[in-house]
Amino acid sequence: MRVLGVLAALAVAFAGVSAMAAPLAAYGGLPSIDAIEISPDGSTLAVIVSDGKNRGIVLRPTAGGPQKTYPVGASKVRRLDWVGSDHLIVTTSQTERLIGWTGDKGEFSLGYVLDVKAQKVSPLFEESLEKMQTGTHFRGASTQITDPLNILAGPPEVRVIDGKPTVFVEKITFKEGWGVITVVRADLKSGRRDIVEFGERDTRAVLLGPEGTIIARSDYDAKSGRWALKLRQGGGWFDARTAVAKLDRPYMVGLGRDGTSVLIGELEAGGYVLREVSPDGKASEPLDVRNGDDVIFDPETRRPIGLYALVGDEGRYTFFAERDQKVWAAVKAAFKGDAVDLASWSHDRQKIVVLVDSAAEGPAYALVDLATRKAEWLGPQYEKLMPEDLSKVQPVRFKARDGLDLTGYLTLPNGREARNLPLVVLAHGGPESRDTPGFDWWSQAIASRGYAVLRVNYRGSDGFGRAFVEAGYGQWGRKMQTDLSDGARYLAAQGMIDPKRVCIVGASYGGYAALAGATIDTGVYRCAVSVAGVSDLRKLVEDEGRSAKRYWKRFMGVERLSDPALAQISPITHVDKVSIPVLMVHGRDDTVVPLEQSEIMADALRKAGKPVELIVQKGEDHWLSRGETRSAMLESTMAFVEKHNPPN
């Protein structure tokens, strides 16, 4: 039995909020525990909790004792960062059109300070930077700058300066008419804010050194494709490494293992490699690492200490030091048979918060104390889901029609034999992302209604080697689409599903795939549900910047926006071929795929006399960040699927 320690605070945080009774809300609501960050000294857990609709932040002592809860309502809390053990930076985001900025709405990050001792929350920036003095790296202290108040351009970074934890944040300020990255040092006790560094017009990223100074930056000219890693040299900068890459440009990862070098990633034949560039500009040979998806950094020094990769269906942590590897092996052994992911850890790495994903009980957080050799359950990620509410997930492997090996995951409904089942193909977004074997709220919700759910990692998906990504180039709406229907055919050939009872559902690129299933790869599906999907590829691409245009054109297989191939793979061009009902759901605040994409598709379908429904969700973004609208999307989707493809 898993102890629900943190979740007791929900009763206080959301007193008076009625519980959601609909079974689908247990899946579609926000996670009961969304994230946990442990303080540097290991004394306190900061937890993002939810009742499904509203969020709160709970501070819980690891040694036991009273918890303190800060309700934040519908605010979209994106991350938590401790600054010492007395302050917590809370990063939220909201969709805004900023006064004085040109262009459409954007999703902007905002920073807030939670003072643990004073028990109050205040904006990280309450005064414009143009009223503050600049730091020592500039020609004068009177440099005129303007900035959007309290808008952040990157995650906070913490360094210990003169024995005191200090936070550094990136903002965008306007200098000589151009928006530039600006690094600001914030003293949370005195309230002082000092500008540490201005980037240049082409600066895309900066790297903070151990002493709180900027030791490296990367600049990129989108027009020419020139990328440069710049390192400090006296009072200026020099180019340590350059490349011309209009696509797949190199990038800074973080500090190197010695704390003075810069770790960068570069694309070579076969995939990305990691190199360390020393302060004098000399680059190392590629590090001897394999299958690295993410770099693991020491929580205090911020030096790399290992790598994480999803290898096949197994998440693997590889640490550089043998002792660290043995410790992680012991942590995993405590949860034998379950997938274990590192969530956060104290600076001495003695207290570790892990997310444990059990096939039988679902995902839950636990605290491992290496000093006492004990583990404590903190609570499930979805507290309203019982073991009997979870459906079995199994890997599937099959060949596409051209012989390419494909993989995916099949979720089977409880209590039903895997024979002639109705199927929902659930297409992931990206397209250069992937489905994983762990808990997935959407597929579990669909399976709970009696459907088999197939998630295919179609060509172009990430995580299966560079060649597999490149196999997707030029295949948007072509083989990437038929990879999905080939998966349905494979299951039908096995006798597991009924090929006459198949629907397709997806969000973002998956939403496009759903529309393409109704217009391009026809004759496979009984209904289609597109959430924030793309219908007109030319319109999508022409509104993007240079780098994004190049990226999309590569997957779409075109050189120019005038290429007729764009129309051939745009669902809106083929509304006359639609013979199945289509549902589209789109957030009004979507800043990635504009609402217009669904509106013009719905209008075209109506004019053609085709069955279509469009639901516009007020206040929702591209990522289904709000509990109320996320649940509403799920309810609408399942009502539509059950109507047009009944499970029985």
# chains A, B, ... in the order shown; residues from 1 in each chain; ligands from 1
>>> select_by_dssp(residues="region 153-325 of chain A", states="strand (DSSP E)", output="JSON, numbers by chain")
{"A": [157, 158, 159, 160, 161, 164, 165, 166, 167, 168, 169, 170, 171, 172, 173, 174, 175, 178, 179, 180, 181, 182, 183, 184, 185, 186, 193, 194, 195, 196, 197, 198, 203, 204, 205, 206, 207, 208, 214, 215, 216, 217, 218, 219, 220, 221, 226, 227, 228, 229, 230, 231, 232, 233, 236, 237, 238, 239, 240, 241, 242, 243, 244, 251, 252, 253, 254, 255, 262, 263, 264, 265, 266, 267, 268, 271, 272, 273, 274, 275, 276, 277, 294, 295, 296, 297, 304, 305, 306, 307, 308, 309, 310, 311, 314, 315, 316, 317, 318, 319]}
>>> closest_atom_pairs(of="region 23-118 of chain A", to="region 187-190 of chain A", cutoff="10 Å", atoms="only C-alpha atoms", output="Markdown table")
| residue | atom | partner | partner_atom | distance |
| --- | --- | --- | --- | --- |
| A:Val83 | CA | A:Leu188 | CA | 8.7 |
| A:Asp86 | CA | A:Leu188 | CA | 9.6 |
| A:His87 | CA | A:Leu188 | CA | 7.7 |
| A:Leu88 | CA | A:Leu188 | CA | 9.9 |
| A:Ile89 | CA | A:Leu188 | CA | 10.0 |
| A:Val113 | CA | A:Leu188 | CA | 8.0 |
| A:Leu114 | CA | A:Leu188 | CA | 9.9 |
| A:Asp115 | CA | A:Leu188 | CA | 8.7 |
>>> write_last_selection(atoms="N, CA and C atoms", output="mmCIF file, in the first residue's frame")
data_model
loop_
_atom_site.group_PDB
_atom_site.id
_atom_site.type_symbol
_atom_site.label_atom_id
_atom_site.label_comp_id
_atom_site.auth_asym_id
_atom_site.auth_seq_id
_atom_site.Cartn_x
_atom_site.Cartn_y
_atom_site.Cartn_z
ATOM 1 N N VAL A 83 16.396 28.130 -4.126
ATOM 2 C CA VAL A 83 17.553 29.010 -3.963
ATOM 3 C C VAL A 83 17.918 28.925 -2.489
ATOM 4 N N ASP A 86 15.620 28.575 1.861
ATOM 5 C CA ASP A 86 14.673 29.577 2.353
ATOM 6 C C ASP A 86 13.832 30.216 1.261
ATOM 7 N N HIS A 87 14.217 29.996 0.003
ATOM 8 C CA HIS A 87 13.468 30.610 -1.095
ATOM 9 C C HIS A 87 13.240 29.591 -2.212
ATOM 10 N N LEU A 88 12.083 29.720 -2.849
ATOM 11 C CA LEU A 88 11.712 28.860 -3.964
ATOM 12 C C LEU A 88 11.268 29.746 -5.124
ATOM 13 N N ILE A 89 11.883 29.544 -6.300
ATOM 14 C CA ILE A 89 11.446 30.252 -7.496
ATOM 15 C C ILE A 89 10.361 29.413 -8.172
ATOM 16 N N VAL A 113 8.753 34.528 -6.364
ATOM 17 C CA VAL A 113 9.585 34.094 -5.251
ATOM 18 C C VAL A 113 8.691 33.688 -4.089
ATOM 19 N N LEU A 114 8.864 32.464 -3.629
ATOM 20 C CA LEU A 114 8.172 32.019 -2.422
ATOM 21 C C LEU A 114 9.176 32.082 -1.282
ATOM 22 N N ASP A 115 8.953 33.004 -0.351
ATOM 23 C CA ASP A 115 9.818 33.162 0.820
ATOM 24 C C ASP A 115 9.310 32.199 1.892
#
>>> residues_around(residues="Gly270 (chain A)", least_positions_apart="2", cutoff="10 Å", atoms="only C-alpha atoms", output="ChimeraX atom specification")
/A:267-268,272-273,465-467
>>> write_last_selection(atoms="C-alpha atoms", output="mmCIF file, in the first residue's frame")
data_model
loop_
_atom_site.group_PDB
_atom_site.id
_atom_site.type_symbol
_atom_site.label_atom_id
_atom_site.label_comp_id
_atom_site.auth_asym_id
_atom_site.auth_seq_id
_atom_site.Cartn_x
_atom_site.Cartn_y
_atom_site.Cartn_z
ATOM 1 C CA LEU A 267 25.713 16.282 -35.235
ATOM 2 C CA GLU A 268 28.070 13.843 -36.915
ATOM 3 C CA TYR A 272 24.887 13.659 -32.051
ATOM 4 C CA VAL A 273 28.151 13.531 -30.104
ATOM 5 C CA GLY A 465 18.846 6.487 -34.001
ATOM 6 C CA ARG A 466 19.581 9.202 -36.532
ATOM 7 C CA ALA A 467 18.787 7.006 -39.528
#
>>> residues_around(residues="Lys618 (chain A)", least_positions_apart="6", cutoff="8 Å", atoms="only C-alpha atoms", output="list in words")
Gly587, Arg588 and Asp589 of chain A
>>> write_last_selection(atoms="N, CA and C atoms", output="JSON list (two decimals), in the first residue's frame")
[["chain", "number", "residue", "atom", "x", "y", "z"],
["A", 587, "GLY", "N", -7.53, 24.94, -28.68],
["A", 587, "GLY", "CA", -7.47, 25.98, -27.67],
["A", 587, "GLY", "C", -7.38, 27.36, -28.30],
["A", 588, "ARG", "N", -8.14, 28.30, -27.77],
["A", 588, "ARG", "CA", -8.11, 29.66, -28.32],
["A", 588, "ARG", "C", -6.75, 30.31, -28.10],
["A", 589, "ASP", "N", -6.00, 29.89, -27.06],
["A", 589, "ASP", "CA", -4.71, 30.48, -26.74],
["A", 589, "ASP", "C", -3.53, 29.68, -27.30]]
>>> atom_distance(atom1="CA of Ala26 (chain A)", atom2="CA of Ser391 (chain A)")
14.0 Å
>>> residues_around(residues="region 162-175 of chain A", least_positions_apart="4", cutoff="8 Å", atoms="only C-alpha atoms", output="VMD selection string")
chain A and resid 83 to 84 144 to 148 151 to 158 179 to 188 212
>>> write_last_selection(atoms="C-alpha atoms", output="PDB file, in the first residue's frame")
ATOM      1  CA  VAL A  83      17.553  29.010  -3.963  1.00  0.00           C
ATOM      2  CA  GLY A  84      19.077  27.693  -0.775  1.00  0.00           C
ATOM      3  CA  GLN A 144      19.298  52.561 -21.613  1.00  0.00           C
ATOM      4  CA  ILE A 145      17.313  49.348 -21.759  1.00  0.00           C
ATOM      5  CA  THR A 146      13.671  48.394 -21.669  1.00  0.00           C
ATOM      6  CA  ASP A 147      12.211  45.085 -20.596  1.00  0.00           C
ATOM      7  CA  PRO A 148       8.843  43.389 -20.177  1.00  0.00           C
ATOM      8  CA  ILE A 151       8.951  37.966 -18.087  1.00  0.00           C
ATOM      9  CA  LEU A 152      11.684  35.309 -18.071  1.00  0.00           C
ATOM     10  CA  ALA A 153      13.572  34.012 -21.106  1.00  0.00           C
ATOM     11  CA  GLY A 154      15.007  30.887 -19.527  1.00  0.00           C
ATOM     12  CA  PRO A 155      15.033  28.743 -16.400  1.00  0.00           C
ATOM     13  CA  PRO A 156      16.630  30.146 -13.235  1.00  0.00           C
ATOM     14  CA  GLU A 157      20.208  29.109 -12.432  1.00  0.00           C
ATOM     15  CA  VAL A 158      21.537  29.013  -8.866  1.00  0.00           C
ATOM     16  CA  GLY A 179      15.572  42.092 -28.174  1.00  0.00           C
ATOM     17  CA  VAL A 180      18.629  40.493 -26.556  1.00  0.00           C
ATOM     18  CA  ILE A 181      19.218  37.905 -23.851  1.00  0.00           C
ATOM     19  CA  THR A 182      20.071  39.690 -20.617  1.00  0.00           C
ATOM     20  CA  VAL A 183      21.344  37.867 -17.529  1.00  0.00           C
ATOM     21  CA  VAL A 184      20.269  39.323 -14.198  1.00  0.00           C
ATOM     22  CA  ARG A 185      21.581  38.477 -10.735  1.00  0.00           C
ATOM     23  CA  ALA A 186      18.899  38.582  -8.033  1.00  0.00           C
ATOM     24  CA  ASP A 187      19.578  38.876  -4.305  1.00  0.00           C
ATOM     25  CA  LEU A 188      16.379  37.518  -2.810  1.00  0.00           C
ATOM     26  CA  GLY A 212      28.267  33.566 -11.448  1.00  0.00           C
TER      27      GLY A 212
END
>>> closest_atom_pairs(of="region 335-450 of chain A", to="region 31-51 of chain A", cutoff="6 Å", atoms="only C-alpha atoms", output="Markdown table")
| residue | atom | partner | partner_atom | distance |
| --- | --- | --- | --- | --- |
| A:Ser344 | CA | A:Glu37 | CA | 5.6 |
| A:Trp345 | CA | A:Ile38 | CA | 6.0 |
| A:Ser346 | CA | A:Pro40 | CA | 4.7 |
| A:His347 | CA | A:Pro40 | CA | 4.9 |
| A:Gln381 | CA | A:Ile33 | CA | 4.8 |
| A:Tyr382 | CA | A:Ser32 | CA | 5.1 |
| A:Glu383 | CA | A:Ser32 | CA | 5.9 |
>>> residues_around(residues="Asp202 (chain A)", least_positions_apart="2", cutoff="12 Å", atoms="only C-alpha atoms", output="list in words")
Trp178, Gly179, Val180, Ile181, Phe198, Gly199, Glu200, Arg204, Ala205, Val206, Arg217, Ser218, Asp219, Tyr220, Asp221, Ala222, Lys223, Ser224, Gly225, Arg226, Trp227, Ala228, Leu229 and Lys230 of chain A
